[in-house]
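Only one structure is covered here, and it is reproduced in the block below.
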Amino acid sequence: VYDLTPLLGAHPGGDEMLLTRAGTDATMEFEVFEHSEKARVRRDQEMLVGEIVPAEHSDYSAEAAATGGDGAAEAKSGADLSRYLRFKVADLALAVVGLYAYKSWEKRKPLPMLMYSRGLRHLHLIMAVGIFGAVGSAQAAAKTEGLAKKRWLQVHKQSGFAMFLALFARIFFRMNSGIPPRFPGHPLVQAVETASLRLFYVLCFVLPVSGIAQEYFLKWAGGDDSKNDQMAQDAITLHKRVGRFFQFGWLPFHLGYTTAYHYSRGRGVVRKVSPFI
């Protein structure tokens, strides 16, 4: 039995995760998220207040392994379906990659100097897919619990880190690419476009760095644990706030602006950045 009051306001998963499980056996949830050794030591040293009588001890993993009958059959059926769907998703992803490679090879002719390079065009599309993957997986994680939540968070972290690396590749290609002339427009409109694109680079840097910082202070940083916990909480708070702004502010503005404003004037926005021309 643990008193988790010291974690209120400082738990990286938020207070709701603690409060909704108060007074219950939360062993499975604790193990699913693979808490660090540091978190386990702190739990046992600072928050342990007693043990329930041995007769009431339960091992959720042992109980699950011993479960038979219809429950076991249903669990196996669900696992088989999940495995089948994962294979189908993998097949679809392989087909999409193959189609992408074919189209890229088919459209490999040199481009004029006053156009974005093919490398930059490919990175633009790849980052667009990755960003929607990171945003979508974050939304899925927020709506699920347990092992499903853990898996979506892994997808979110991996896609976010991939976009972090892609950001530097994009900067490199941007500095070595031809730059097409800007669409005509009012100077104020062009200033907003420039500020929006610069903000994109800032956001794509801050989001993964804040996520990495939260993991570092939570699991690996040495020294004062209470200070590290506060740093981890500050990092994840920044990550969530910037993420909400990116998702509900910058992204709708960028997509809505390019589609509503430029397309309404008959300008080929997609053609300007598409790798398949």
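Labeling convention for the structure tokens: chains A, B, ... as they appear, residues from 1 per chain, ligands from 1 in order of appearance.
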
Closest atom pairs, residues of range 184-223 of chain A within 12 Å of range 117-135 of chain A, only C-alpha atoms, as JSON lines:
```
{"residue": "A:Phe200", "atom": "CA", "partner": "A:Ile131", "partner_atom": "CA", "distance": 11.3}
{"residue": "A:Tyr201", "atom": "CA", "partner": "A:Met127", "partner_atom": "CA", "distance": 11.7}
{"residue": "A:Leu203", "atom": "CA", "partner": "A:Ile131", "partner_atom": "CA", "distance": 11.4}
{"residue": "A:Cys204", "atom": "CA", "partner": "A:Ile131", "partner_atom": "CA", "distance": 9.2}
{"residue": "A:Leu207", "atom": "CA", "partner": "A:Ala134", "partner_atom": "CA", "distance": 10.6}
{"residue": "A:Pro208", "atom": "CA", "partner": "A:Ala134", "partner_atom": "CA", "distance": 10.5}
```

Convert the current residue selection to file output with C-alpha atoms, as a PDB file, in the first residue's frame.
```
ATOM      1  CA  PHE A 200       7.613  25.838 -37.695  1.00  0.00           C
ATOM      2  CA  TYR A 201      11.341  25.234 -37.246  1.00  0.00           C
ATOM      3  CA  LEU A 203       8.220  24.218 -32.816  1.00  0.00           C
ATOM      4  CA  CYS A 204       9.798  21.161 -34.469  1.00  0.00           C
ATOM      5  CA  LEU A 207       8.697  19.580 -29.076  1.00  0.00           C
ATOM      6  CA  PRO A 208      11.184  16.675 -29.302  1.00  0.00           C
TER       7      PRO A 208
END
```

Near range 35-52 of chain A, 12 Å: range 211-266 of chain A residue rows, closest pairs, only C-alpha atoms, as a Markdown table:
```
| residue | atom | partner | partner_atom | distance |
| --- | --- | --- | --- | --- |
| A:Glu215 | CA | A:Ser36 | CA | 10.0 |
| A:Tyr216 | CA | A:Ser36 | CA | 10.8 |
| A:Phe217 | CA | A:Lys38 | CA | 10.7 |
| A:Leu218 | CA | A:Ser36 | CA | 8.0 |
| A:Lys219 | CA | A:Ser36 | CA | 5.6 |
| A:Trp220 | CA | A:Lys38 | CA | 8.1 |
| A:Ala221 | CA | A:Lys38 | CA | 9.6 |
| A:Gly222 | CA | A:Lys38 | CA | 9.6 |
| A:Gly223 | CA | A:Lys38 | CA | 11.3 |
| A:Asp224 | CA | A:Lys38 | CA | 11.6 |
| A:Asp225 | CA | A:Lys38 | CA | 8.7 |
| A:Ser226 | CA | A:Arg42 | CA | 10.3 |
| A:Asn228 | CA | A:Lys38 | CA | 11.1 |
| A:Asp229 | CA | A:Ala39 | CA | 10.0 |
```

Store the residues picked out above, limited to C-alpha atoms, as an mmCIF file, in the first residue's frame.
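Okay, part.cif is ready:
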```
data_model
loop_
_atom_site.group_PDB
_atom_site.id
_atom_site.type_symbol
_atom_site.label_atom_id
_atom_site.label_comp_id
_atom_site.auth_asym_id
_atom_site.auth_seq_id
_atom_site.Cartn_x
_atom_site.Cartn_y
_atom_site.Cartn_z
ATOM 1 C CA GLU A 215 12.653 11.264 -20.139
ATOM 2 C CA TYR A 216 16.170 12.241 -19.080
ATOM 3 C CA PHE A 217 15.238 13.928 -15.801
ATOM 4 C CA LEU A 218 12.694 11.251 -14.989
ATOM 5 C CA LYS A 219 14.869 8.181 -15.607
ATOM 6 C CA TRP A 220 18.556 8.945 -15.867
ATOM 7 C CA ALA A 221 19.549 12.255 -14.248
ATOM 8 C CA GLY A 222 21.558 11.952 -11.054
ATOM 9 C CA GLY A 223 21.573 14.219 -8.025
ATOM 10 C CA ASP A 224 18.558 15.645 -6.215
ATOM 11 C CA ASP A 225 15.512 13.504 -7.096
ATOM 12 C CA SER A 226 12.997 16.165 -6.123
ATOM 13 C CA ASN A 228 14.873 16.187 -11.217
ATOM 14 C CA ASP A 229 11.179 15.402 -10.776
#
```

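CA of Val192 in chain A is positioned 24.7 Å from CA of Lys240 in chain A.
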
May I have the residues within 12 Å of Ala142 in chain A as a ChimeraX atom specification, using only C-alpha atoms and disregarding those fewer than 3 positions away in the same chain? /A:13-14,16-17,135-139,145-146,148-153,156,240

Within 12 Å of Phe276 in chain A using only C-alpha atoms, minus same-chain residues under 4 positions, as number ranges by chain: A: 99-111, 117-119, 121-122, 125, 270-272

List every residue of range 155-276 of chain A that DSSP, applied to the backbone of this structure, assigns to helix (DSSP H, G or I), and report them as a PyMOL selection string. chain A and resi 155-175+187-220+225-265+269-273

Please provide the set of residues having any atom within 9 Å of His11 in chain A, restricted to only C-alpha atoms, with same-chain residues fewer than 4 positions apart removed, written as a ChimeraX atom specification. /A:6-7,15,17-18,229,232-233

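Residues surrounding Gly211 in chain A within 9 Å are Lys157, Gly160, Val206, Leu207, Glu215, Tyr216, Ala235, Ile236, Leu238 and His239 of chain A [only C-alpha atoms; sequence separation below 4 positions excluded].
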
How would the residues just chosen look if you wrote them out with N, CA, C and O atoms as a tab-separated table (two decimals), in the first residue's frame?
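Result written to out.tsv:
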```
chain	number	residue	atom	x	y	z
A	157	LYS	N	6.66	8.88	-29.51
A	157	LYS	CA	8.07	9.23	-29.23
A	157	LYS	C	8.95	8.94	-30.43
A	157	LYS	O	9.82	9.75	-30.79
A	160	GLY	N	8.21	11.40	-33.26
A	160	GLY	CA	8.71	12.72	-32.89
A	160	GLY	C	10.22	12.81	-33.02
A	160	GLY	O	10.75	13.82	-33.53
A	206	VAL	N	11.56	22.47	-30.38
A	206	VAL	CA	11.17	22.49	-28.96
A	206	VAL	C	10.41	21.22	-28.57
A	206	VAL	O	10.63	20.67	-27.49
A	207	LEU	N	9.53	20.74	-29.43
A	207	LEU	CA	8.70	19.58	-29.08
A	207	LEU	C	9.52	18.33	-28.76
A	207	LEU	O	9.38	17.74	-27.69
A	215	GLU	N	12.16	12.63	-20.32
A	215	GLU	CA	12.65	11.26	-20.14
A	215	GLU	C	13.97	11.27	-19.37
A	215	GLU	O	14.20	10.42	-18.49
A	216	TYR	N	14.85	12.20	-19.72
A	216	TYR	CA	16.17	12.24	-19.08
A	216	TYR	C	16.05	12.52	-17.59
A	216	TYR	O	16.62	11.79	-16.76
A	235	ALA	N	9.31	20.03	-18.05
A	235	ALA	CA	9.55	19.67	-19.45
A	235	ALA	C	8.30	19.13	-20.10
A	235	ALA	O	7.95	19.51	-21.23
A	236	ILE	N	7.59	18.23	-19.40
A	236	ILE	CA	6.39	17.65	-20.01
A	236	ILE	C	5.26	18.67	-20.09
A	236	ILE	O	4.44	18.64	-21.01
A	238	LEU	N	5.73	21.92	-20.66
A	238	LEU	CA	6.08	22.69	-21.86
A	238	LEU	C	5.75	21.90	-23.12
A	238	LEU	O	5.19	22.46	-24.08
A	239	HIS	N	6.07	20.62	-23.12
A	239	HIS	CA	5.81	19.76	-24.28
A	239	HIS	C	4.32	19.74	-24.61
A	239	HIS	O	3.93	19.88	-25.78
```

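Nearest residue to Phe30 in chain A, choosing from A:Leu147, A:His186, A:Arg267, A:Asn176 and counting only C-alpha atoms: A:Leu147.
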
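Residue nearest Arg170 in chain A within the list A:Ala26, A:Asp3, A:Tyr116, A:Phe245: A:Tyr116 [criterion: smallest interatomic distance, only C-alpha atoms].
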
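When only C-alpha atoms are used to measure the gap to His254 in chain A, the shortest distance among A:Gly268, A:Phe205, A:Thr237, A:Leu197 belongs to A:Leu197.
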
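Using only C-alpha atoms, the contacts of Ile179 in chain A at a cut-off of 10 Å, with sequence neighbours closer than 4 positions omitted, comprise Pro112, Met113, Leu114, Met115, Tyr116, Ser117, Arg174 and Met175 of chain A.
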